[in-house]
2 protein chains.
Amino acid sequence: MQTIVVLGAGKSSYYLINYLSKRAVELNYNLIIADAVIANLKETSNIQTIQTDLGNVKNLKEMVNKAHIVVSLLPPFLHIKVAELCLELNKHFLTASYVSPEIQALAADAKRKGLIFLMECGLDPGLDHMSAMKIFDGLSKKGAIIKSFRSYCGGLIAPQSDDNPWGYKITWNPRNVVNAGKGTAQYLEGNEVRYVPYHQLFKRVTNLEFKDYGQYEAYPNRDSLSYIKIYGLKDVDTFIRGTIRKQGFCKAWDCLLQLGLTDDTVKISSEPKLTIADFVKKFLPENVSYESYLKLDDSNVKQKLSWLGLGSNENLNFTNESTPTELLQNIIEKRWKLNPGDKDLVLMQHLIEYQEDGQNRKIISSLEIEGQSQTETAMAKTVGLPLAMATLLILQNKIEAKGVIIPTIEEIYNPILKELQNHGILFREYTYS
Amino acid sequence: MQTIVVLGAGKSSYYLINYLSKRAVELNYNLIIADAVIANLKETSNIQTIQTDLGNVKNLKEMVNKAHIVVSLLPPFLHIKVAELCLELNKHFLTASYVSPEIQALAADAKRKGLIFLMECGLDPGLDHMSAMKIFDGLSKKGAIIKSFRSYCGGLIAPQSDDNPWGYKITWNPRNVVNAGKGTAQYLEGNEVRYVPYHQLFKRVTNLEFKDYGQYEAYPNRDSLSYIKIYGLKDVDTFIRGTIRKQGFCKAWDCLLQLGLTDDTVKISSEPKLTIADFVKKFLPENVSYESYLKLDDSNVKQKLSWLGLGSNENLNFTNESTPTELLQNIIEKRWKLNPGDKDLVLMQHLIEYQEDGQNRKIISSLEIEGQSQTETAMAKTVGLPLAMATLLILQNKIEAKGVIIPTIEEIYNPILKELQNHGILFREYTYS
């Protein structure tokens, strides 16, 4: 009897664990869920929960040792350790995280041992690769030439739960929300590699339209370039991956960035008490308000910043080790909290331009998924189900590829995209010519 | 017979070597000048030149071993190695570079061995410490309370040699010119620690007036805060150190920064040939000019950018390893070159506010030094002479302090500031009440 070990039972685990629990019983697999805290999970003869600190390598090794296949929802920095243990102990390994250079370095050894290290198999990265590759492979079979690919994804909030001026609440790691976009974005546009420094990123937005949800905007992700080769797109002159926000979000977020509130390189020095207004003042010249420093003339931006309390005398949770990033996280976590009745929203859109029979054509493929509740989020569903489904494919020996792989291959994306439709995860595709 | 070893005979060595050569003969010291290239230096019975690669630790050790005292003009990153060798071989050590944490860590050992590691003993840091501390100590003796200190310094170009719209030419390490201001600036203003992220730095300028040279501007240095304690200024509510540029420079330089041209974190990917216009295009959206992207409405800024050739089809010295910083350095090195007849200009200004007998008073102390030629620069003079003079003070046992020190103490700044006057280096001081 084969054993699946799931490492991590946090926010994004609900659908993954739910799906695997049901299928483990049907298909007669053992399922072990390990984490420091595991809430509300019934054990059965097939299903076991183990409470353990996975930051400790000894515990991690013990868990990996119990598995035939390891699915990790741990923070990305822990994945190299898990991968090394899987290599040592001959286990398959799955995550929704990006392939790091350290994990890529294990590829040859994993392949030699016949192991599958399937990475980037969640929502973004994950579903984006699968849905895009399905279109690309279909077009290539028809002899079409793909000229342009723009792909955007975002974890947002459903309209009925959208009760703040930013149109945003936190449905994943809040630190990542504050750090979003750091580094220099690189993409291809008009056959030219383009570079966008962080301090320009939120000024370089593009507008997007979703059928049931209306107007959004997106800013470029840090690295689009490496996927051109991975997707095998030899003829594209434009290739951009980006992140979706509600229209108007980026202009206001850029104000926080411009002030310096997203800086993670300095420690704020202050008295033991620090209000939000005091924190903001530290980024301004003497006797200048943030409104006048930023030359704010857009009432929507003013409203967003004021709603965050930039001028308020509310105390921050402050230590002398705090960086601006941490203090800003402090502010937004409180205000962008997903409430029990809230429904989140996952949006994804690919815009593909191609040539077929000498004609220029265009496909727009969109995914629009609403969550059910604070726990049953669209985010947890779209990250967790692809991972869960891939786990079963591997256990059932349905994946030939070995080594470090991502779900850009037909034997992975076809069955997963098909099965996802049974769970309401479906791309709507429009072709224009 | 005691031996002075000077490591490095580059741009800033002219006055240092000249001064030490003369005094070595008079005072009967040996002087050894070591570098990979040593041009135009006559050897005598006292003076020896040694051609050697100082990047090699074996050579470095050999040179240090010959010395009683080592003066280093090498790039700052090499100083920790030189300092370690000086500690091992019991030699005094002098530089014009900042005290790094690594060098600070040697302080106790150096002190125990009775060695002097005198750092920050050039122009800035160096002369700024000396001239400010002389004023502070004088005021303190009179019972005055220092409330505010603003201190600015810059290596610029004399008006008669100022033949480009930027009012700037390169008189020191060109890489430092391109990297200037990176990091988050921290200073004290209005009794509040203020933080200025790099992308705001060149917008946060202050205007300065020099008697013989007119209008300049300055932006804050990265770290002002640590000097508050070093200078012993317990009562200041404002403490800023900054860098001087010709008026209008910062607004135009900010455009280069905003575009992303000063970025050193990415490698530019391109065809083997790259023109300046192609380089700039990579930081812009498709079919948008840099003028319209930056919303340029200031003809002075337009003129500066156009003079740099941002739109030109001149080829850059390009490899696929080049970062934006390197390519921008490429552009400015060619255009901001000091020509043989050019005279540079060193400006320094302290603005000090204090209370004396219940009265608010103010001192403005300024230094304005013109160079003689492309080699006999004001920069080489103001960096080299303090170092050279301090070397002799140490050899003559006139400095009691031991360990890692900077020239904030009377026994160092008094004789040096006095002797500098004989070389035309003199602060003009005005008191206002």
# chains A, B, ... in the order shown; residues from 1 in each chain; ligands from 1
>>> interface_residues(of="chain A", to="chain B", cutoff="10 Å", atoms="only C-alpha atoms", output="MDAnalysis selection string")
chainID A and resid 183:200 204 257:270 278:287 324
>>> select_by_dssp(residues="segment 117-299 of chain B", states="strand (DSSP E)", output="ChimeraX atom specification")
/B:117-118,145-157,185-189,192-196,206-210,214-220,238-246
>>> closest_residue(among="B:Asp235, B:Asp212, B:Asp137, B:Glu333", to="Arg428 of chain B", atoms="only C-alpha atoms")
B:Asp212
>>> residues_around(residues="segment 292-307 of chain A", least_positions_apart="6", cutoff="10 Å", atoms="only C-alpha atoms", output="list in words")
Asn164, Pro165, Trp166, Gly167, Gly248, Phe249, Cys250, Lys251, Ala252, Trp253, Asp254, Cys255, Leu256, Gln258, Leu259, Phe283, Leu284, Pro285 and Arg335 of chain A
>>> residues_around(residues="segment 65-78 of chain A", least_positions_apart="5", cutoff="7 Å", atoms="only C-alpha atoms", output="PyMOL selection string")
chain A and resi 2-8+89+91-95+97
>>> write_last_selection(atoms="all heavy atoms", output="compact mmCIF listing (two decimals), in the first residue's frame")
# COMPACT_ATOMS: atom_id res chain seq x y z
N GLN A 2 0.66 2.09 -1.01
CA GLN A 2 1.53 3.25 -1.15
C GLN A 2 1.08 4.40 -0.24
O GLN A 2 -0.10 4.55 0.04
CB GLN A 2 1.54 3.72 -2.60
CG GLN A 2 2.11 2.64 -3.54
CD GLN A 2 2.37 3.20 -4.92
OE1 GLN A 2 3.46 3.67 -5.22
NE2 GLN A 2 1.36 3.17 -5.75
N THR A 3 2.07 5.22 0.14
CA THR A 3 1.78 6.29 1.10
C THR A 3 2.11 7.68 0.54
O THR A 3 3.20 7.89 0.00
CB THR A 3 2.60 6.06 2.40
OG1 THR A 3 2.22 4.81 2.95
CG2 THR A 3 2.35 7.18 3.41
N ILE A 4 1.14 8.57 0.65
CA ILE A 4 1.33 9.98 0.28
C ILE A 4 1.58 10.74 1.57
O ILE A 4 0.79 10.65 2.51
CB ILE A 4 0.06 10.55 -0.38
CG1 ILE A 4 -0.36 9.71 -1.59
CG2 ILE A 4 0.25 12.02 -0.74
CD1 ILE A 4 -1.82 9.95 -2.01
N VAL A 5 2.67 11.50 1.61
CA VAL A 5 2.90 12.38 2.76
C VAL A 5 2.74 13.83 2.32
O VAL A 5 3.40 14.28 1.38
CB VAL A 5 4.30 12.15 3.38
CG1 VAL A 5 4.63 13.27 4.39
CG2 VAL A 5 4.36 10.80 4.07
N VAL A 6 1.82 14.53 2.96
CA VAL A 6 1.63 15.96 2.70
C VAL A 6 2.30 16.74 3.82
O VAL A 6 1.97 16.56 4.99
CB VAL A 6 0.12 16.32 2.63
CG1 VAL A 6 -0.05 17.85 2.47
CG2 VAL A 6 -0.55 15.59 1.47
N LEU A 7 3.26 17.59 3.44
CA LEU A 7 3.96 18.42 4.42
C LEU A 7 3.33 19.81 4.43
O LEU A 7 3.35 20.50 3.42
CB LEU A 7 5.45 18.54 4.07
CG LEU A 7 6.22 17.22 3.95
CD1 LEU A 7 7.65 17.49 3.46
CD2 LEU A 7 6.24 16.49 5.28
N GLY A 8 2.74 20.19 5.55
CA GLY A 8 2.11 21.51 5.65
C GLY A 8 0.61 21.41 5.52
O GLY A 8 0.12 20.81 4.56
N LEU A 89 16.33 9.35 -0.17
CA LEU A 89 15.47 8.23 0.26
C LEU A 89 14.60 7.68 -0.87
O LEU A 89 13.71 6.87 -0.63
CB LEU A 89 14.59 8.68 1.44
CG LEU A 89 15.35 9.22 2.66
CD1 LEU A 89 14.41 9.91 3.64
CD2 LEU A 89 16.12 8.09 3.38
N LYS A 91 12.20 9.10 -3.07
CA LYS A 91 10.77 9.42 -3.07
C LYS A 91 10.48 10.43 -4.18
O LYS A 91 11.30 11.30 -4.47
CB LYS A 91 10.36 10.06 -1.74
CG LYS A 91 10.94 9.41 -0.51
CD LYS A 91 10.42 8.01 -0.30
CE LYS A 91 10.97 7.44 1.02
NZ LYS A 91 10.54 6.04 1.22
N HIS A 92 9.29 10.32 -4.77
CA HIS A 92 8.82 11.38 -5.66
C HIS A 92 8.50 12.62 -4.84
O HIS A 92 8.20 12.52 -3.65
CB HIS A 92 7.57 10.93 -6.42
CG HIS A 92 7.80 9.73 -7.29
ND1 HIS A 92 8.74 9.70 -8.29
CD2 HIS A 92 7.18 8.51 -7.32
CE1 HIS A 92 8.70 8.53 -8.90
NE2 HIS A 92 7.77 7.78 -8.32
N PHE A 93 8.53 13.80 -5.51
CA PHE A 93 8.39 15.06 -4.78
C PHE A 93 7.57 16.05 -5.61
O PHE A 93 7.83 16.24 -6.80
CB PHE A 93 9.80 15.60 -4.49
CG PHE A 93 9.84 16.98 -3.86
CD1 PHE A 93 9.07 17.28 -2.74
CD2 PHE A 93 10.68 17.96 -4.38
CE1 PHE A 93 9.13 18.54 -2.16
CE2 PHE A 93 10.74 19.23 -3.80
CZ PHE A 93 9.96 19.51 -2.70
N LEU A 94 6.58 16.67 -5.00
CA LEU A 94 5.72 17.64 -5.71
C LEU A 94 5.58 18.93 -4.91
O LEU A 94 5.36 18.90 -3.69
CB LEU A 94 4.30 17.08 -5.88
CG LEU A 94 4.07 16.04 -6.96
CD1 LEU A 94 4.25 14.66 -6.37
CD2 LEU A 94 2.67 16.19 -7.52
N THR A 95 5.63 20.06 -5.62
CA THR A 95 5.33 21.35 -4.99
C THR A 95 4.67 22.28 -6.01
O THR A 95 4.70 22.02 -7.21
CB THR A 95 6.57 22.11 -4.46
OG1 THR A 95 7.20 22.77 -5.57
CG2 THR A 95 7.57 21.21 -3.80
N SER A 97 5.84 25.37 -5.96
CA SER A 97 6.84 26.46 -5.96
C SER A 97 7.67 26.46 -7.23
O SER A 97 7.77 25.46 -7.93
CB SER A 97 7.80 26.29 -4.78
OG SER A 97 7.09 26.36 -3.58
>>> select_by_dssp(residues="segment 37-199 of chain B", states="alpha helix (DSSP H)", output="tab-separated table (two decimals) with C-alpha atoms, in the first residue's frame")
chain	number	residue	atom	x	y	z
B	57	VAL	CA	48.49	38.78	-1.33
B	58	LYS	CA	52.09	37.52	-1.49
B	59	ASN	CA	53.21	40.78	-3.11
B	60	LEU	CA	51.14	42.76	-0.66
B	61	LYS	CA	52.77	41.00	2.29
B	62	GLU	CA	56.23	41.62	0.86
B	63	MET	CA	55.48	45.34	0.57
B	64	VAL	CA	53.93	45.63	4.05
B	65	ASN	CA	56.93	43.81	5.47
B	79	HIS	CA	41.96	47.41	2.77
B	80	ILE	CA	40.91	44.63	5.09
B	81	LYS	CA	43.71	42.44	3.70
B	82	VAL	CA	46.27	45.23	4.12
B	83	ALA	CA	45.01	45.90	7.65
B	84	GLU	CA	45.31	42.21	8.58
B	85	LEU	CA	48.89	42.14	7.28
B	86	CYS	CA	49.71	45.33	9.20
B	87	LEU	CA	48.33	43.75	12.35
B	88	GLU	CA	50.32	40.57	11.77
B	89	LEU	CA	53.57	42.39	10.96
B	101	PRO	CA	32.91	46.65	10.12
B	102	GLU	CA	35.73	44.20	9.25
B	103	ILE	CA	38.40	46.78	10.00
B	104	GLN	CA	36.57	47.95	13.12
B	107	ALA	CA	40.47	47.68	16.70
B	108	ALA	CA	41.16	45.94	20.02
B	109	ASP	CA	44.08	43.91	18.63
B	110	ALA	CA	45.63	46.94	16.94
B	111	LYS	CA	45.34	48.93	20.17
B	112	ARG	CA	46.87	46.16	22.24
B	127	LEU	CA	38.93	66.97	6.04
B	128	ASP	CA	35.20	67.14	6.81
B	129	HIS	CA	35.74	65.39	10.16
B	130	MET	CA	38.74	67.58	10.99
B	131	SER	CA	37.22	70.94	10.13
B	132	ALA	CA	33.87	70.11	11.78
B	133	MET	CA	35.46	68.79	14.96
B	134	LYS	CA	37.67	71.86	15.26
B	135	ILE	CA	34.53	74.01	15.24
B	136	PHE	CA	32.61	71.69	17.62
B	137	ASP	CA	35.47	71.51	20.12
B	138	GLY	CA	35.87	75.28	20.01
B	139	LEU	CA	32.15	75.81	20.60
B	140	SER	CA	31.99	73.25	23.39
B	141	LYS	CA	34.87	74.94	25.20
B	174	PRO	CA	33.88	56.51	-12.29
B	175	ARG	CA	32.10	53.43	-10.92
B	176	ASN	CA	31.40	55.35	-7.72
B	177	VAL	CA	29.89	58.15	-9.80
B	178	VAL	CA	27.36	55.75	-11.38
B	179	ASN	CA	26.65	53.97	-8.09
B	198	TYR	CA	17.43	55.54	-3.60
B	199	HIS	CA	14.60	56.20	-6.07
>>> closest_residue(among="A:Gly155, A:Lys203, A:Leu233, A:Ile32", to="Leu123 of chain A", atoms="only C-alpha atoms")
A:Gly155
>>> residues_around(residues="segment 355-369 of chain B", least_positions_apart="2", cutoff="7 Å", atoms="only C-alpha atoms", output="compact mmCIF listing (two decimals) with N, CA, C and O atoms, in the first residue's frame")
# COMPACT_ATOMS: atom_id res chain seq x y z
N GLY B 143 31.08 76.57 25.94
CA GLY B 143 29.81 76.22 26.57
C GLY B 143 28.61 76.25 25.63
O GLY B 143 27.47 76.21 26.07
N ALA B 144 28.86 76.33 24.34
CA ALA B 144 27.75 76.37 23.38
C ALA B 144 27.14 74.97 23.21
O ALA B 144 27.81 73.96 23.44
N ILE B 145 25.86 74.94 22.83
CA ILE B 145 25.17 73.67 22.57
C ILE B 145 24.89 73.57 21.07
O ILE B 145 24.21 74.43 20.50
N ILE B 146 25.40 72.52 20.44
CA ILE B 146 25.23 72.38 18.99
C ILE B 146 23.89 71.70 18.71
O ILE B 146 23.62 70.61 19.19
N LEU B 345 37.40 71.19 -9.12
CA LEU B 345 37.00 72.06 -8.02
C LEU B 345 36.49 71.20 -6.88
O LEU B 345 35.64 70.34 -7.09
N VAL B 346 37.05 71.41 -5.70
CA VAL B 346 36.53 70.73 -4.52
C VAL B 346 35.77 71.75 -3.67
O VAL B 346 36.30 72.83 -3.38
N LEU B 347 34.54 71.43 -3.34
CA LEU B 347 33.74 72.30 -2.47
C LEU B 347 33.32 71.54 -1.22
O LEU B 347 32.98 70.35 -1.30
N MET B 348 33.39 72.22 -0.10
CA MET B 348 32.87 71.64 1.15
C MET B 348 32.19 72.74 1.93
O MET B 348 32.63 73.90 1.88
N GLN B 349 31.09 72.39 2.58
CA GLN B 349 30.42 73.39 3.41
C GLN B 349 29.76 72.74 4.63
O GLN B 349 29.06 71.76 4.50
N HIS B 350 30.06 73.35 5.80
CA HIS B 350 29.37 72.96 7.03
C HIS B 350 28.41 74.07 7.41
O HIS B 350 28.81 75.25 7.41
N LEU B 351 27.19 73.73 7.74
CA LEU B 351 26.23 74.70 8.29
C LEU B 351 25.89 74.25 9.70
O LEU B 351 25.28 73.19 9.87
N ILE B 352 26.31 75.03 10.66
CA ILE B 352 26.19 74.63 12.06
C ILE B 352 25.31 75.62 12.82
O ILE B 352 25.54 76.83 12.74
N GLU B 353 24.28 75.10 13.49
CA GLU B 353 23.45 75.96 14.34
C GLU B 353 23.67 75.59 15.79
O GLU B 353 23.74 74.40 16.12
N GLY B 371 41.74 72.93 -8.74
CA GLY B 371 42.92 72.18 -9.17
C GLY B 371 43.79 73.01 -10.10
O GLY B 371 43.40 74.10 -10.55
N ALA B 378 42.45 69.28 -7.49
CA ALA B 378 42.06 69.65 -6.13
C ALA B 378 41.68 68.39 -5.35
O ALA B 378 41.92 68.30 -4.15
N ILE B 425 44.91 75.30 1.52
CA ILE B 425 43.66 74.63 1.90
C ILE B 425 43.16 75.24 3.20
O ILE B 425 43.67 74.95 4.28
N LEU B 426 42.15 76.10 3.05
CA LEU B 426 41.75 76.97 4.15
C LEU B 426 40.23 77.11 4.14
O LEU B 426 39.63 77.37 3.11
N PHE B 427 39.62 76.91 5.30
CA PHE B 427 38.17 77.10 5.43
C PHE B 427 37.86 78.55 5.73
O PHE B 427 38.53 79.17 6.55
N ARG B 428 36.86 79.09 5.04
CA ARG B 428 36.37 80.43 5.36
C ARG B 428 35.16 80.29 6.25
O ARG B 428 34.22 79.56 5.90
N GLU B 429 35.19 80.97 7.37
CA GLU B 429 34.16 80.76 8.37
C GLU B 429 33.40 82.06 8.63
O GLU B 429 34.00 83.10 8.84
N TYR B 430 32.07 81.99 8.56
CA TYR B 430 31.23 83.15 8.86
C TYR B 430 30.30 82.80 10.01
O TYR B 430 29.70 81.73 10.00
N THR B 431 30.21 83.68 10.99
CA THR B 431 29.30 83.45 12.11
C THR B 431 28.13 84.43 12.02
O THR B 431 28.33 85.61 11.73
N TYR B 432 26.94 83.92 12.21
CA TYR B 432 25.72 84.75 12.16
C TYR B 432 25.02 84.65 13.49
O TYR B 432 24.94 83.57 14.06
N SER B 433 24.51 85.75 13.97
CA SER B 433 23.74 85.63 15.22
C SER B 433 22.42 86.39 15.09
O SER B 433 22.14 86.99 14.06
>>> residues_around(residues="segment 42-45 of chain B", least_positions_apart="6", cutoff="12 Å", atoms="only C-alpha atoms", output="PyMOL selection string")
chain B and resi 17-18+21-22+24-25+28-33
>>> write_last_selection(atoms="C-alpha atoms", output="PDB file, in the first residue's frame")
ATOM      1  CA  ILE B  17      53.739  61.186  -3.183  1.00  0.00           C
ATOM      2  CA  ASN B  18      55.053  64.647  -3.956  1.00  0.00           C
ATOM      3  CA  SER B  21      59.044  62.573  -1.349  1.00  0.00           C
ATOM      4  CA  LYS B  22      60.155  66.052  -0.295  1.00  0.00           C
ATOM      5  CA  ALA B  24      61.360  61.972   3.256  1.00  0.00           C
ATOM      6  CA  VAL B  25      64.575  63.615   2.036  1.00  0.00           C
ATOM      7  CA  ASN B  28      65.586  61.119   6.413  1.00  0.00           C
ATOM      8  CA  TYR B  29      62.846  58.533   5.907  1.00  0.00           C
ATOM      9  CA  ASN B  30      62.783  55.857   3.250  1.00  0.00           C
ATOM     10  CA  LEU B  31      59.837  56.051   0.885  1.00  0.00           C
ATOM     11  CA  ILE B  32      58.678  53.102  -1.216  1.00  0.00           C
ATOM     12  CA  ILE B  33      55.932  53.529  -3.795  1.00  0.00           C
TER      13      ILE B  33
END
